[in-house]
file target-v7.csv (CSV, N, CA and C atoms)
chain,number,residue,atom,x,y,z
A,1,MET,N,3.1,-24.7,-9.8
A,1,MET,CA,3.3,-23.9,-11.0
A,1,MET,C,4.5,-23.0,-10.8
A,2,ALA,N,5.3,-22.8,-11.8
A,2,ALA,CA,6.4,-21.9,-11.7
A,2,ALA,C,6.0,-20.4,-12.0
A,3,ALA,N,6.9,-19.5,-11.6
A,3,ALA,CA,6.6,-18.1,-11.8
A,3,ALA,C,6.6,-17.8,-13.3
A,4,LEU,N,5.9,-16.7,-13.7
A,4,LEU,CA,5.8,-16.4,-15.1
A,4,LEU,C,7.1,-16.1,-15.7
A,5,THR,N,7.2,-16.4,-17.0
A,5,THR,CA,8.4,-16.1,-17.8
A,5,THR,C,8.0,-15.3,-19.0
A,6,LYS,N,6.7,-15.1,-19.2
A,6,LYS,CA,6.2,-14.2,-20.3
A,6,LYS,C,4.8,-13.7,-19.8
A,7,ASP,N,4.3,-12.8,-20.6
A,7,ASP,CA,3.0,-12.2,-20.3
A,7,ASP,C,1.9,-13.3,-20.2
A,8,ARG,N,0.9,-13.0,-19.4
A,8,ARG,CA,-0.2,-14.0,-19.2
A,8,ARG,C,-1.5,-13.3,-19.4
A,9,ASN,N,-2.4,-13.9,-20.1
A,9,ASN,CA,-3.8,-13.3,-20.3
A,9,ASN,C,-4.6,-13.8,-19.1
A,10,THR,N,-4.7,-13.1,-18.0
A,10,THR,CA,-5.3,-13.5,-16.8
A,10,THR,C,-6.8,-13.1,-16.9
A,11,ALA,N,-7.7,-14.1,-16.6
A,11,ALA,CA,-9.1,-13.9,-16.6
A,11,ALA,C,-9.5,-12.9,-15.6
A,12,LEU,N,-10.5,-12.1,-15.9
A,12,LEU,CA,-11.0,-11.0,-15.0
A,12,LEU,C,-12.5,-11.1,-14.8
A,13,ARG,N,-12.9,-10.9,-13.6
A,13,ARG,CA,-14.3,-10.8,-13.2
A,13,ARG,C,-14.5,-9.6,-12.3
A,14,GLU,N,-15.3,-8.6,-12.7
A,14,GLU,CA,-15.4,-7.4,-12.0
A,14,GLU,C,-16.0,-7.5,-10.6
A,15,ASN,N,-16.8,-8.5,-10.4
A,15,ASN,CA,-17.4,-8.7,-9.0
A,15,ASN,C,-18.2,-7.5,-8.5
A,16,VAL,N,-18.9,-6.8,-9.3
A,16,VAL,CA,-19.7,-5.7,-8.9
A,16,VAL,C,-21.1,-6.2,-8.3
A,17,LEU,N,-21.7,-7.1,-9.0
A,17,LEU,CA,-23.0,-7.7,-8.6
A,17,LEU,C,-22.8,-9.2,-8.3
A,18,ILE,N,-22.9,-9.6,-7.0
A,18,ILE,CA,-22.7,-11.0,-6.7
A,18,ILE,C,-24.0,-11.5,-6.0
A,19,PRO,N,-24.4,-12.7,-6.5
A,19,PRO,CA,-25.6,-13.3,-5.9
A,19,PRO,C,-25.2,-14.2,-4.7
A,20,TYR,N,-26.0,-14.1,-3.6
A,20,TYR,CA,-25.8,-14.9,-2.4
A,20,TYR,C,-27.1,-15.5,-2.0
A,21,SER,N,-27.0,-16.8,-1.6
A,21,SER,CA,-28.2,-17.5,-1.1
A,21,SER,C,-28.6,-16.9,0.2
A,22,VAL,N,-29.9,-16.7,0.4
A,22,VAL,CA,-30.4,-16.1,1.7
A,22,VAL,C,-30.7,-17.1,2.7
A,23,ALA,N,-30.4,-16.8,4.0
A,23,ALA,CA,-30.6,-17.6,5.1
A,23,ALA,C,-32.1,-17.8,5.3
A,24,ALA,N,-32.5,-19.0,5.9
A,24,ALA,CA,-33.9,-19.3,6.3
A,24,ALA,C,-34.5,-18.2,7.1
A,25,SER,N,-35.8,-18.0,7.0
A,25,SER,CA,-36.5,-17.0,7.9
A,25,SER,C,-35.9,-15.6,7.9
A,26,THR,N,-35.5,-15.1,6.7
A,26,THR,CA,-34.8,-13.9,6.6
A,26,THR,C,-35.4,-12.9,5.7
A,27,LEU,N,-35.5,-11.7,6.1
A,27,LEU,CA,-36.0,-10.6,5.2
A,27,LEU,C,-34.9,-9.6,5.1
A,28,ILE,N,-34.6,-9.3,3.8
A,28,ILE,CA,-33.5,-8.3,3.5
A,28,ILE,C,-34.2,-7.2,2.7
A,29,TYR,N,-34.0,-6.0,3.2
A,29,TYR,CA,-34.6,-4.8,2.5
A,29,TYR,C,-33.6,-4.3,1.5
A,30,ALA,N,-34.1,-3.8,0.4
A,30,ALA,CA,-33.3,-3.1,-0.7
A,30,ALA,C,-32.5,-2.0,0.0
A,31,GLY,N,-31.3,-1.9,-0.3
A,31,GLY,CA,-30.4,-0.8,0.3
A,31,GLY,C,-29.8,-1.2,1.6
A,32,ALA,N,-30.1,-2.4,2.1
A,32,ALA,CA,-29.5,-2.9,3.4
A,32,ALA,C,-28.1,-3.3,3.2
A,33,LEU,N,-27.3,-3.1,4.3
A,33,LEU,CA,-25.9,-3.6,4.4
A,33,LEU,C,-26.1,-5.1,4.6
A,34,ILE,N,-25.6,-5.9,3.7
A,34,ILE,CA,-25.8,-7.3,3.9
A,34,ILE,C,-24.5,-8.1,4.1
A,35,CYS,N,-24.6,-9.2,4.8
A,35,CYS,CA,-23.5,-10.0,5.2
A,35,CYS,C,-23.7,-11.5,4.9
A,36,ILE,N,-22.7,-12.3,5.0
A,36,ILE,CA,-22.9,-13.7,5.0
A,36,ILE,C,-22.6,-14.2,6.4
A,37,ASN,N,-23.4,-15.2,6.8
A,37,ASN,CA,-23.2,-15.7,8.2
A,37,ASN,C,-22.1,-16.9,8.1
A,38,ALA,N,-21.9,-17.5,9.2
A,38,ALA,CA,-20.9,-18.5,9.3
A,38,ALA,C,-21.2,-19.7,8.4
A,39,SER,N,-22.5,-19.9,8.1
A,39,SER,CA,-22.9,-21.0,7.2
A,39,SER,C,-22.8,-20.6,5.7
A,40,GLY,N,-22.5,-19.3,5.4
A,40,GLY,CA,-22.4,-18.9,4.1
A,40,GLY,C,-23.7,-18.3,3.5
A,41,TYR,N,-24.7,-18.1,4.3
A,41,TYR,CA,-25.9,-17.5,3.8
A,41,TYR,C,-26.1,-16.0,4.1
A,42,ALA,N,-26.7,-15.3,3.2
A,42,ALA,CA,-26.9,-13.9,3.3
A,42,ALA,C,-27.9,-13.5,4.4
A,43,VAL,N,-27.5,-12.5,5.2
A,43,VAL,CA,-28.4,-12.0,6.3
A,43,VAL,C,-28.2,-10.5,6.3
A,44,PRO,N,-29.2,-9.7,6.9
A,44,PRO,CA,-28.9,-8.3,7.1
A,44,PRO,C,-27.8,-8.1,8.1
A,45,GLY,N,-27.2,-7.0,8.0
A,45,GLY,CA,-26.1,-6.6,9.0
A,45,GLY,C,-26.7,-6.5,10.4
A,46,SER,N,-26.0,-6.9,11.4
A,46,SER,CA,-26.4,-6.9,12.8
A,46,SER,C,-25.1,-7.0,13.6
A,47,VAL,N,-25.3,-6.7,14.9
A,47,VAL,CA,-24.2,-6.8,15.8
A,47,VAL,C,-23.9,-8.3,16.0
A,48,SER,N,-22.7,-8.6,15.5
A,48,SER,CA,-22.2,-10.0,15.6
A,48,SER,C,-20.7,-10.0,15.1
A,49,ALA,N,-19.9,-10.7,15.8
A,49,ALA,CA,-18.5,-10.8,15.4
A,49,ALA,C,-18.3,-11.9,14.3
A,50,ALA,N,-19.4,-12.6,14.0
A,50,ALA,CA,-19.2,-13.7,13.1
A,50,ALA,C,-19.7,-13.5,11.6
A,51,LEU,N,-20.0,-12.2,11.3
A,51,LEU,CA,-20.5,-11.9,10.0
A,51,LEU,C,-19.4,-11.4,9.1
A,52,LYS,N,-19.6,-11.5,7.8
A,52,LYS,CA,-18.7,-11.0,6.8
A,52,LYS,C,-19.5,-10.1,5.9
A,53,ALA,N,-19.3,-8.8,5.9
A,53,ALA,CA,-20.0,-7.8,5.0
A,53,ALA,C,-19.7,-8.1,3.6
A,54,VAL,N,-20.7,-8.0,2.7
A,54,VAL,CA,-20.5,-8.3,1.3
A,54,VAL,C,-21.0,-7.2,0.4
A,55,GLY,N,-21.8,-6.2,0.9
A,55,GLY,CA,-22.2,-5.1,0.1
A,55,GLY,C,-23.6,-4.6,0.4
A,56,CYS,N,-24.2,-4.0,-0.6
A,56,CYS,CA,-25.5,-3.4,-0.4
A,56,CYS,C,-26.5,-4.2,-1.2
A,57,ALA,N,-27.7,-4.5,-0.6
A,57,ALA,CA,-28.7,-5.3,-1.3
A,57,ALA,C,-29.3,-4.5,-2.4
A,58,GLU,N,-29.4,-5.1,-3.6
A,58,GLU,CA,-30.0,-4.5,-4.7
A,58,GLU,C,-31.5,-4.5,-4.6
A,59,ASP,N,-32.1,-5.5,-4.0
A,59,ASP,CA,-33.6,-5.7,-4.0
A,59,ASP,C,-34.1,-6.1,-2.6
A,60,ASN,N,-35.4,-6.0,-2.4
A,60,ASN,CA,-36.0,-6.5,-1.2
A,60,ASN,C,-36.2,-8.0,-1.5
A,61,ILE,N,-35.7,-8.8,-0.6
A,61,ILE,CA,-35.8,-10.3,-0.7
A,61,ILE,C,-36.5,-10.8,0.6
A,62,ASP,N,-37.6,-11.4,0.5
A,62,ASP,CA,-38.3,-12.0,1.6
A,62,ASP,C,-38.3,-13.5,1.6
A,63,ASN,N,-37.4,-14.0,2.4
A,63,ASN,CA,-37.3,-15.5,2.6
A,63,ASN,C,-37.8,-15.9,4.0
A,64,SER,N,-38.7,-15.1,4.5
A,64,SER,CA,-39.2,-15.3,5.8
A,64,SER,C,-39.8,-16.7,6.0
A,65,ALA,N,-40.5,-17.2,4.9
A,65,ALA,CA,-41.1,-18.5,5.0
A,65,ALA,C,-40.3,-19.6,4.4
A,66,GLY,N,-39.0,-19.2,4.0
A,66,GLY,CA,-38.2,-20.2,3.2
A,66,GLY,C,-37.1,-20.8,4.0
A,67,ALA,N,-36.5,-21.8,3.4
A,67,ALA,CA,-35.4,-22.5,4.0
A,67,ALA,C,-34.1,-21.9,3.5
A,68,ASP,N,-33.0,-22.2,4.1
A,68,ASP,CA,-31.7,-21.7,3.7
A,68,ASP,C,-31.5,-21.9,2.2
A,69,GLY,N,-31.2,-20.9,1.4
A,69,GLY,CA,-30.9,-21.0,0.0
A,69,GLY,C,-32.1,-21.0,-0.9
A,70,ASP,N,-33.3,-20.9,-0.4
A,70,ASP,CA,-34.5,-20.9,-1.3
A,70,ASP,C,-34.5,-19.7,-2.2
A,71,LEU,N,-34.0,-18.6,-1.8
A,71,LEU,CA,-33.9,-17.3,-2.6
A,71,LEU,C,-32.5,-16.8,-2.6
A,72,GLN,N,-32.3,-15.9,-3.5
A,72,GLN,CA,-31.0,-15.3,-3.6
A,72,GLN,C,-31.1,-13.8,-3.6
A,73,VAL,N,-30.1,-13.1,-3.0
A,73,VAL,CA,-30.1,-11.6,-3.0
A,73,VAL,C,-28.8,-11.2,-3.8
A,74,ILE,N,-28.9,-10.1,-4.5
A,74,ILE,CA,-27.8,-9.6,-5.2
A,74,ILE,C,-27.1,-8.5,-4.4
A,75,ALA,N,-25.8,-8.7,-4.1
A,75,ALA,CA,-25.1,-7.7,-3.3
A,75,ALA,C,-24.3,-6.9,-4.3
A,76,ARG,N,-24.4,-5.6,-4.2
A,76,ARG,CA,-23.6,-4.7,-5.0
A,76,ARG,C,-22.3,-4.3,-4.2
A,77,LYS,N,-21.2,-4.4,-4.9
A,77,LYS,CA,-19.9,-4.0,-4.3
A,77,LYS,C,-19.8,-2.5,-4.6
A,78,GLY,N,-19.0,-1.8,-3.9
A,78,GLY,CA,-18.8,-0.3,-4.2
A,78,GLY,C,-18.7,0.4,-2.9
A,79,THR,N,-19.0,1.7,-3.0
A,79,THR,CA,-19.0,2.6,-1.8
A,79,THR,C,-20.4,3.2,-1.6
A,80,PHE,N,-20.9,3.0,-0.4
A,80,PHE,CA,-22.3,3.4,0.0
A,80,PHE,C,-22.3,4.2,1.2
A,81,ARG,N,-23.3,5.1,1.3
A,81,ARG,CA,-23.4,5.9,2.6
A,81,ARG,C,-24.4,5.2,3.5
A,82,PHE,N,-24.0,5.0,4.7
A,82,PHE,CA,-24.8,4.4,5.8
A,82,PHE,C,-24.9,5.4,6.9
A,83,ASP,N,-25.8,5.1,7.8
A,83,ASP,CA,-26.0,6.0,9.0
A,83,ASP,C,-24.8,5.9,9.9
A,84,ASN,N,-24.5,7.0,10.5
A,84,ASN,CA,-23.4,7.1,11.5
A,84,ASN,C,-24.0,6.8,12.9
A,85,ALA,N,-23.4,5.9,13.6
A,85,ALA,CA,-23.9,5.7,15.0
A,85,ALA,C,-23.6,6.9,15.9
A,86,GLY,N,-22.9,7.8,15.4
A,86,GLY,CA,-22.6,9.1,16.1
A,86,GLY,C,-21.2,9.2,16.6
A,87,ASP,N,-20.4,8.1,16.4
A,87,ASP,CA,-19.0,8.1,16.9
A,87,ASP,C,-18.0,8.1,15.8
A,88,ILE,N,-18.4,8.2,14.6
A,88,ILE,CA,-17.4,8.2,13.5
A,88,ILE,C,-17.1,9.7,13.1
A,89,THR,N,-15.9,10.0,13.0
A,89,THR,CA,-15.5,11.4,12.6
A,89,THR,C,-14.4,11.3,11.5
A,90,ILE,N,-14.0,12.4,11.0
A,90,ILE,CA,-13.0,12.4,9.9
A,90,ILE,C,-11.7,11.7,10.4
A,91,ALA,N,-11.5,11.6,11.7
A,91,ALA,CA,-10.3,10.9,12.2
A,91,ALA,C,-10.3,9.4,11.9
A,92,HIS,N,-11.5,8.9,11.4
A,92,HIS,CA,-11.7,7.5,11.1
A,92,HIS,C,-11.5,7.2,9.6
A,93,LEU,N,-11.2,8.3,8.8
A,93,LEU,CA,-11.0,8.0,7.4
A,93,LEU,C,-9.9,7.0,7.1
A,94,GLU,N,-10.2,6.1,6.2
A,94,GLU,CA,-9.3,5.1,5.7
A,94,GLU,C,-9.1,4.0,6.8
A,95,THR,N,-10.0,3.9,7.8
A,95,THR,CA,-9.9,2.8,8.8
A,95,THR,C,-11.2,2.0,8.7
A,96,ASN,N,-11.2,0.8,9.3
A,96,ASN,CA,-12.4,0.0,9.3
A,96,ASN,C,-13.5,0.6,10.2
A,97,VAL,N,-14.7,0.4,9.7
A,97,VAL,CA,-15.9,0.7,10.6
A,97,VAL,C,-16.7,-0.6,10.7
A,98,TYR,N,-17.5,-0.6,11.7
A,98,TYR,CA,-18.2,-1.8,12.2
A,98,TYR,C,-19.7,-1.8,12.1
A,99,ILE,N,-20.3,-2.9,12.0
A,99,ILE,CA,-21.7,-3.0,11.8
A,99,ILE,C,-22.5,-2.9,13.1
A,100,ASN,N,-23.5,-2.0,13.1
A,100,ASN,CA,-24.4,-1.9,14.2
A,100,ASN,C,-25.7,-2.6,13.8
A,101,ASP,N,-26.2,-2.4,12.6
A,101,ASP,CA,-27.3,-3.0,12.0
A,101,ASP,C,-27.3,-2.9,10.5
A,102,ASP,N,-28.4,-3.1,9.8
A,102,ASP,CA,-28.3,-3.1,8.3
A,102,ASP,C,-28.3,-1.8,7.7
A,103,GLN,N,-28.2,-0.7,8.5
A,103,GLN,CA,-28.1,0.6,7.9
A,103,GLN,C,-27.2,1.6,8.7
A,104,THR,N,-26.6,1.1,9.8
A,104,THR,CA,-25.8,1.9,10.7
A,104,THR,C,-24.4,1.3,10.9
A,105,VAL,N,-23.4,2.2,10.9
A,105,VAL,CA,-22.0,1.7,11.2
A,105,VAL,C,-21.4,2.6,12.3
A,106,SER,N,-20.4,2.0,13.0
A,106,SER,CA,-19.8,2.6,14.2
A,106,SER,C,-18.3,2.4,14.1
A,107,SER,N,-17.6,3.2,14.9
A,107,SER,CA,-16.1,3.0,15.1
A,107,SER,C,-15.8,2.0,16.2
A,108,VAL,N,-16.8,1.6,16.9
A,108,VAL,CA,-16.6,0.6,18.0
A,108,VAL,C,-16.6,-0.8,17.5
A,109,SER,N,-15.5,-1.5,17.7
A,109,SER,CA,-15.4,-2.9,17.2
A,109,SER,C,-15.8,-4.0,18.1
A,110,THR,N,-16.0,-3.8,19.4
A,110,THR,CA,-16.3,-4.8,20.3
A,110,THR,C,-17.5,-5.6,19.9
A,111,GLY,N,-17.4,-6.9,19.7
A,111,GLY,CA,-18.5,-7.8,19.4
A,111,GLY,C,-19.1,-7.6,18.0
A,112,LYS,N,-18.4,-6.8,17.1
A,112,LYS,CA,-19.0,-6.5,15.8
A,112,LYS,C,-18.1,-7.0,14.7
A,113,SER,N,-18.7,-7.1,13.6
A,113,SER,CA,-17.9,-7.4,12.3
A,113,SER,C,-17.6,-6.1,11.6
A,114,VAL,N,-16.5,-6.2,10.8
A,114,VAL,CA,-16.1,-5.1,9.9
A,114,VAL,C,-17.2,-4.9,8.8
A,115,ALA,N,-17.6,-3.7,8.7
A,115,ALA,CA,-18.5,-3.3,7.6
A,115,ALA,C,-17.7,-3.1,6.3
A,116,GLY,N,-16.6,-2.3,6.5
A,116,GLY,CA,-15.7,-1.9,5.4
A,116,GLY,C,-14.9,-0.8,5.8
A,117,LYS,N,-14.3,-0.1,4.8
A,117,LYS,CA,-13.4,1.0,5.1
A,117,LYS,C,-14.2,2.4,5.0
A,118,CYS,N,-13.9,3.3,5.9
A,118,CYS,CA,-14.5,4.6,5.9
A,118,CYS,C,-13.8,5.4,4.9
A,119,ILE,N,-14.6,5.9,3.9
A,119,ILE,CA,-14.0,6.7,2.8
A,119,ILE,C,-14.3,8.2,3.0
A,120,GLU,N,-15.4,8.5,3.6
A,120,GLU,CA,-15.8,9.9,3.8
A,120,GLU,C,-16.9,9.9,4.9
A,121,VAL,N,-16.9,11.0,5.7
A,121,VAL,CA,-17.9,11.3,6.7
A,121,VAL,C,-18.5,12.6,6.3
A,122,ASP,N,-19.8,12.7,6.2
A,122,ASP,CA,-20.5,13.9,6.0
A,122,ASP,C,-21.7,14.1,6.9
A,123,ALA,N,-22.5,15.1,6.7
A,123,ALA,CA,-23.6,15.4,7.6
A,123,ALA,C,-24.7,14.3,7.5
A,124,ASP,N,-24.7,13.5,6.4
A,124,ASP,CA,-25.7,12.5,6.2
A,124,ASP,C,-25.3,11.1,6.6
A,125,GLY,N,-24.0,10.9,6.9
A,125,GLY,CA,-23.6,9.6,7.2
A,125,GLY,C,-22.2,9.3,6.9
A,126,VAL,N,-21.9,8.0,6.8
A,126,VAL,CA,-20.5,7.5,6.5
A,126,VAL,C,-20.5,6.7,5.2
A,127,TRP,N,-19.5,7.1,4.4
A,127,TRP,CA,-19.4,6.4,3.1
A,127,TRP,C,-18.4,5.2,3.4
A,128,VAL,N,-19.0,4.0,3.1
A,128,VAL,CA,-18.3,2.8,3.4
A,128,VAL,C,-17.9,2.0,2.1
A,129,GLU,N,-16.7,1.7,2.0
A,129,GLU,CA,-16.2,0.9,0.8
A,129,GLU,C,-16.2,-0.6,1.1
A,130,PHE,N,-16.9,-1.3,0.2
A,130,PHE,CA,-16.9,-2.8,0.2
A,130,PHE,C,-16.0,-3.3,-0.9
A,131,ASN,N,-15.1,-4.2,-0.6
A,131,ASN,CA,-14.3,-4.8,-1.7
A,131,ASN,C,-14.8,-6.1,-2.1
call {"tool": "encode", "arguments": {"input": "target-v7.csv", "output": "structure tokens"}}
result
Amino acid sequence: MAALTKDRNTALRENVLIPYSVAASTLIYAGALICINASGYAVPGSVSAALKAVGCAEDNIDNSAGADGDLQVIARKGTFRFDNAGDITIAHLETNVYINDDQTVSSVSTGKSVAGKCIEVDADGVWVEFN
């Protein structure tokens, strides 16, 4: 396709609530930091360099007895406060933070996946932005 030569009515999708198929034998709690694994299935956040953070779980989804894709979880995009592993300070504002588990983020990247961008640090945790 050639570059535009006039205005274009480009379709828009807000992508605030996105459904993801849940991995087999997986329990995801409401409010959990959720990711997709290398196969494309939703899992709770954990220490792994192979995950892609997708947002915060809207509901509790129990696929413990199910196969890959038997259930779906809704991930909400936005900015959420998660627990601080104790090493994130205001010096980390506007930088990536990394997944320790489904409720905790860290500044340490070794062996971990990016959770999102640190937007704010307060006494209760770290505000993480998911795009």
call {"tool": "closest_residue", "arguments": {"input": "target-v7.csv", "among": "A:Asn63, A:Thr79, A:Asn15, A:Gln103", "to": "Ile28 of chain A", "atoms": "only N, CA and C atoms"}}
result
A:Asn63
call {"tool": "residues_around", "arguments": {"input": "target-v7.csv", "residues": "Ala57 of chain A", "least_positions_apart": "5", "cutoff": "6.5 Å", "atoms": "only N, CA and C atoms", "output": "ChimeraX atom specification"}}
result
/A:29-34,73-76
call {"tool": "residues_around", "arguments": {"input": "target-v7.csv", "residues": "Ala67 of chain A", "least_positions_apart": "4", "cutoff": "12 Å", "atoms": "only C-alpha atoms", "output": "PyMOL selection string"}}
result
chain A and resi 21-27+41+62-63+71-72
call {"tool": "atom_distance", "arguments": {"input": "target-v7.csv", "atom1": "atom CA of Gly45 of chain A", "atom2": "atom C of Gly78 of chain A"}}
result
15.7 Å
call {"tool": "select_by_dssp", "arguments": {"input": "target-v7.csv", "residues": "segment 10-119 of chain A", "states": "strand (DSSP E or B)", "output": "PyMOL selection string"}}
result
chain A and resi 17-22+26-28+33-36+42-44+46+52-57+61-63+72-76+78-84+96-99+101+104-106+114-119
call {"tool": "write_last_selection", "arguments": {"input": "target-v7.csv", "atoms": "N, CA and C atoms", "output": "short mmCIF file (atom, residue, chain, number, x, y, z; two decimals), in the frame of the given file"}}
result
data_model
loop_
_atom_site.label_atom_id
_atom_site.label_comp_id
_atom_site.auth_asym_id
_atom_site.auth_seq_id
_atom_site.Cartn_x
_atom_site.Cartn_y
_atom_site.Cartn_z
N LEU A 17 -21.70 -7.10 -9.00
CA LEU A 17 -23.00 -7.70 -8.60
C LEU A 17 -22.80 -9.20 -8.30
N ILE A 18 -22.90 -9.60 -7.00
CA ILE A 18 -22.70 -11.00 -6.70
C ILE A 18 -24.00 -11.50 -6.00
N PRO A 19 -24.40 -12.70 -6.50
CA PRO A 19 -25.60 -13.30 -5.90
C PRO A 19 -25.20 -14.20 -4.70
N TYR A 20 -26.00 -14.10 -3.60
CA TYR A 20 -25.80 -14.90 -2.40
C TYR A 20 -27.10 -15.50 -2.00
N SER A 21 -27.00 -16.80 -1.60
CA SER A 21 -28.20 -17.50 -1.10
C SER A 21 -28.60 -16.90 0.20
N VAL A 22 -29.90 -16.70 0.40
CA VAL A 22 -30.40 -16.10 1.70
C VAL A 22 -30.70 -17.10 2.70
N THR A 26 -35.50 -15.10 6.70
CA THR A 26 -34.80 -13.90 6.60
C THR A 26 -35.40 -12.90 5.70
N LEU A 27 -35.50 -11.70 6.10
CA LEU A 27 -36.00 -10.60 5.20
C LEU A 27 -34.90 -9.60 5.10
N ILE A 28 -34.60 -9.30 3.80
CA ILE A 28 -33.50 -8.30 3.50
C ILE A 28 -34.20 -7.20 2.70
N LEU A 33 -27.30 -3.10 4.30
CA LEU A 33 -25.90 -3.60 4.40
C LEU A 33 -26.10 -5.10 4.60
N ILE A 34 -25.60 -5.90 3.70
CA ILE A 34 -25.80 -7.30 3.90
C ILE A 34 -24.50 -8.10 4.10
N CYS A 35 -24.60 -9.20 4.80
CA CYS A 35 -23.50 -10.00 5.20
C CYS A 35 -23.70 -11.50 4.90
N ILE A 36 -22.70 -12.30 5.00
CA ILE A 36 -22.90 -13.70 5.00
C ILE A 36 -22.60 -14.20 6.40
N ALA A 42 -26.70 -15.30 3.20
CA ALA A 42 -26.90 -13.90 3.30
C ALA A 42 -27.90 -13.50 4.40
N VAL A 43 -27.50 -12.50 5.20
CA VAL A 43 -28.40 -12.00 6.30
C VAL A 43 -28.20 -10.50 6.30
N PRO A 44 -29.20 -9.70 6.90
CA PRO A 44 -28.90 -8.30 7.10
C PRO A 44 -27.80 -8.10 8.10
N SER A 46 -26.00 -6.90 11.40
CA SER A 46 -26.40 -6.90 12.80
C SER A 46 -25.10 -7.00 13.60
N LYS A 52 -19.60 -11.50 7.80
CA LYS A 52 -18.70 -11.00 6.80
C LYS A 52 -19.50 -10.10 5.90
N ALA A 53 -19.30 -8.80 5.90
CA ALA A 53 -20.00 -7.80 5.00
C ALA A 53 -19.70 -8.10 3.60
N VAL A 54 -20.70 -8.00 2.70
CA VAL A 54 -20.50 -8.30 1.30
C VAL A 54 -21.00 -7.20 0.40
N GLY A 55 -21.80 -6.20 0.90
CA GLY A 55 -22.20 -5.10 0.10
C GLY A 55 -23.60 -4.60 0.40
N CYS A 56 -24.20 -4.00 -0.60
CA CYS A 56 -25.50 -3.40 -0.40
C CYS A 56 -26.50 -4.20 -1.20
N ALA A 57 -27.70 -4.50 -0.60
CA ALA A 57 -28.70 -5.30 -1.30
C ALA A 57 -29.30 -4.50 -2.40
N ILE A 61 -35.70 -8.80 -0.60
CA ILE A 61 -35.80 -10.30 -0.70
C ILE A 61 -36.50 -10.80 0.60
N ASP A 62 -37.60 -11.40 0.50
CA ASP A 62 -38.30 -12.00 1.60
C ASP A 62 -38.30 -13.50 1.60
N ASN A 63 -37.40 -14.00 2.40
CA ASN A 63 -37.30 -15.50 2.60
C ASN A 63 -37.80 -15.90 4.00
N GLN A 72 -32.30 -15.90 -3.50
CA GLN A 72 -31.00 -15.30 -3.60
C GLN A 72 -31.10 -13.80 -3.60
N VAL A 73 -30.10 -13.10 -3.00
CA VAL A 73 -30.10 -11.60 -3.00
C VAL A 73 -28.80 -11.20 -3.80
N ILE A 74 -28.90 -10.10 -4.50
CA ILE A 74 -27.80 -9.60 -5.20
C ILE A 74 -27.10 -8.50 -4.40
N ALA A 75 -25.80 -8.70 -4.10
CA ALA A 75 -25.10 -7.70 -3.30
C ALA A 75 -24.30 -6.90 -4.30
N ARG A 76 -24.40 -5.60 -4.20
CA ARG A 76 -23.60 -4.70 -5.00
C ARG A 76 -22.30 -4.30 -4.20
N GLY A 78 -19.00 -1.80 -3.90
CA GLY A 78 -18.80 -0.30 -4.20
C GLY A 78 -18.70 0.40 -2.90
N THR A 79 -19.00 1.70 -3.00
CA THR A 79 -19.00 2.60 -1.80
C THR A 79 -20.40 3.20 -1.60
N PHE A 80 -20.90 3.00 -0.40
CA PHE A 80 -22.30 3.40 0.00
C PHE A 80 -22.30 4.20 1.20
N ARG A 81 -23.30 5.10 1.30
CA ARG A 81 -23.40 5.90 2.60
C ARG A 81 -24.40 5.20 3.50
N PHE A 82 -24.00 5.00 4.70
CA PHE A 82 -24.80 4.40 5.80
C PHE A 82 -24.90 5.40 6.90
N ASP A 83 -25.80 5.10 7.80
CA ASP A 83 -26.00 6.00 9.00
C ASP A 83 -24.80 5.90 9.90
N ASN A 84 -24.50 7.00 10.50
CA ASN A 84 -23.40 7.10 11.50
C ASN A 84 -24.00 6.80 12.90
N ASN A 96 -11.20 0.80 9.30
CA ASN A 96 -12.40 0.00 9.30
C ASN A 96 -13.50 0.60 10.20
N VAL A 97 -14.70 0.40 9.70
CA VAL A 97 -15.90 0.70 10.60
C VAL A 97 -16.70 -0.60 10.70
N TYR A 98 -17.50 -0.60 11.70
CA TYR A 98 -18.20 -1.80 12.20
C TYR A 98 -19.70 -1.80 12.10
N ILE A 99 -20.30 -2.90 12.00
CA ILE A 99 -21.70 -3.00 11.80
C ILE A 99 -22.50 -2.90 13.10
N ASP A 101 -26.20 -2.40 12.60
CA ASP A 101 -27.30 -3.00 12.00
C ASP A 101 -27.30 -2.90 10.50
N THR A 104 -26.60 1.10 9.80
CA THR A 104 -25.80 1.90 10.70
C THR A 104 -24.40 1.30 10.90
N VAL A 105 -23.40 2.20 10.90
CA VAL A 105 -22.00 1.70 11.20
C VAL A 105 -21.40 2.60 12.30
N SER A 106 -20.40 2.00 13.00
CA SER A 106 -19.80 2.60 14.20
C SER A 106 -18.30 2.40 14.10
N VAL A 114 -16.50 -6.20 10.80
CA VAL A 114 -16.10 -5.10 9.90
C VAL A 114 -17.20 -4.90 8.80
N ALA A 115 -17.60 -3.70 8.70
CA ALA A 115 -18.50 -3.30 7.60
C ALA A 115 -17.70 -3.10 6.30
N GLY A 116 -16.60 -2.30 6.50
CA GLY A 116 -15.70 -1.90 5.40
C GLY A 116 -14.90 -0.80 5.80
N LYS A 117 -14.30 -0.10 4.80
CA LYS A 117 -13.40 1.00 5.10
C LYS A 117 -14.20 2.40 5.00
N CYS A 118 -13.90 3.30 5.90
CA CYS A 118 -14.50 4.60 5.90
C CYS A 118 -13.80 5.40 4.90
N ILE A 119 -14.60 5.90 3.90
CA ILE A 119 -14.00 6.70 2.80
C ILE A 119 -14.30 8.20 3.00
#
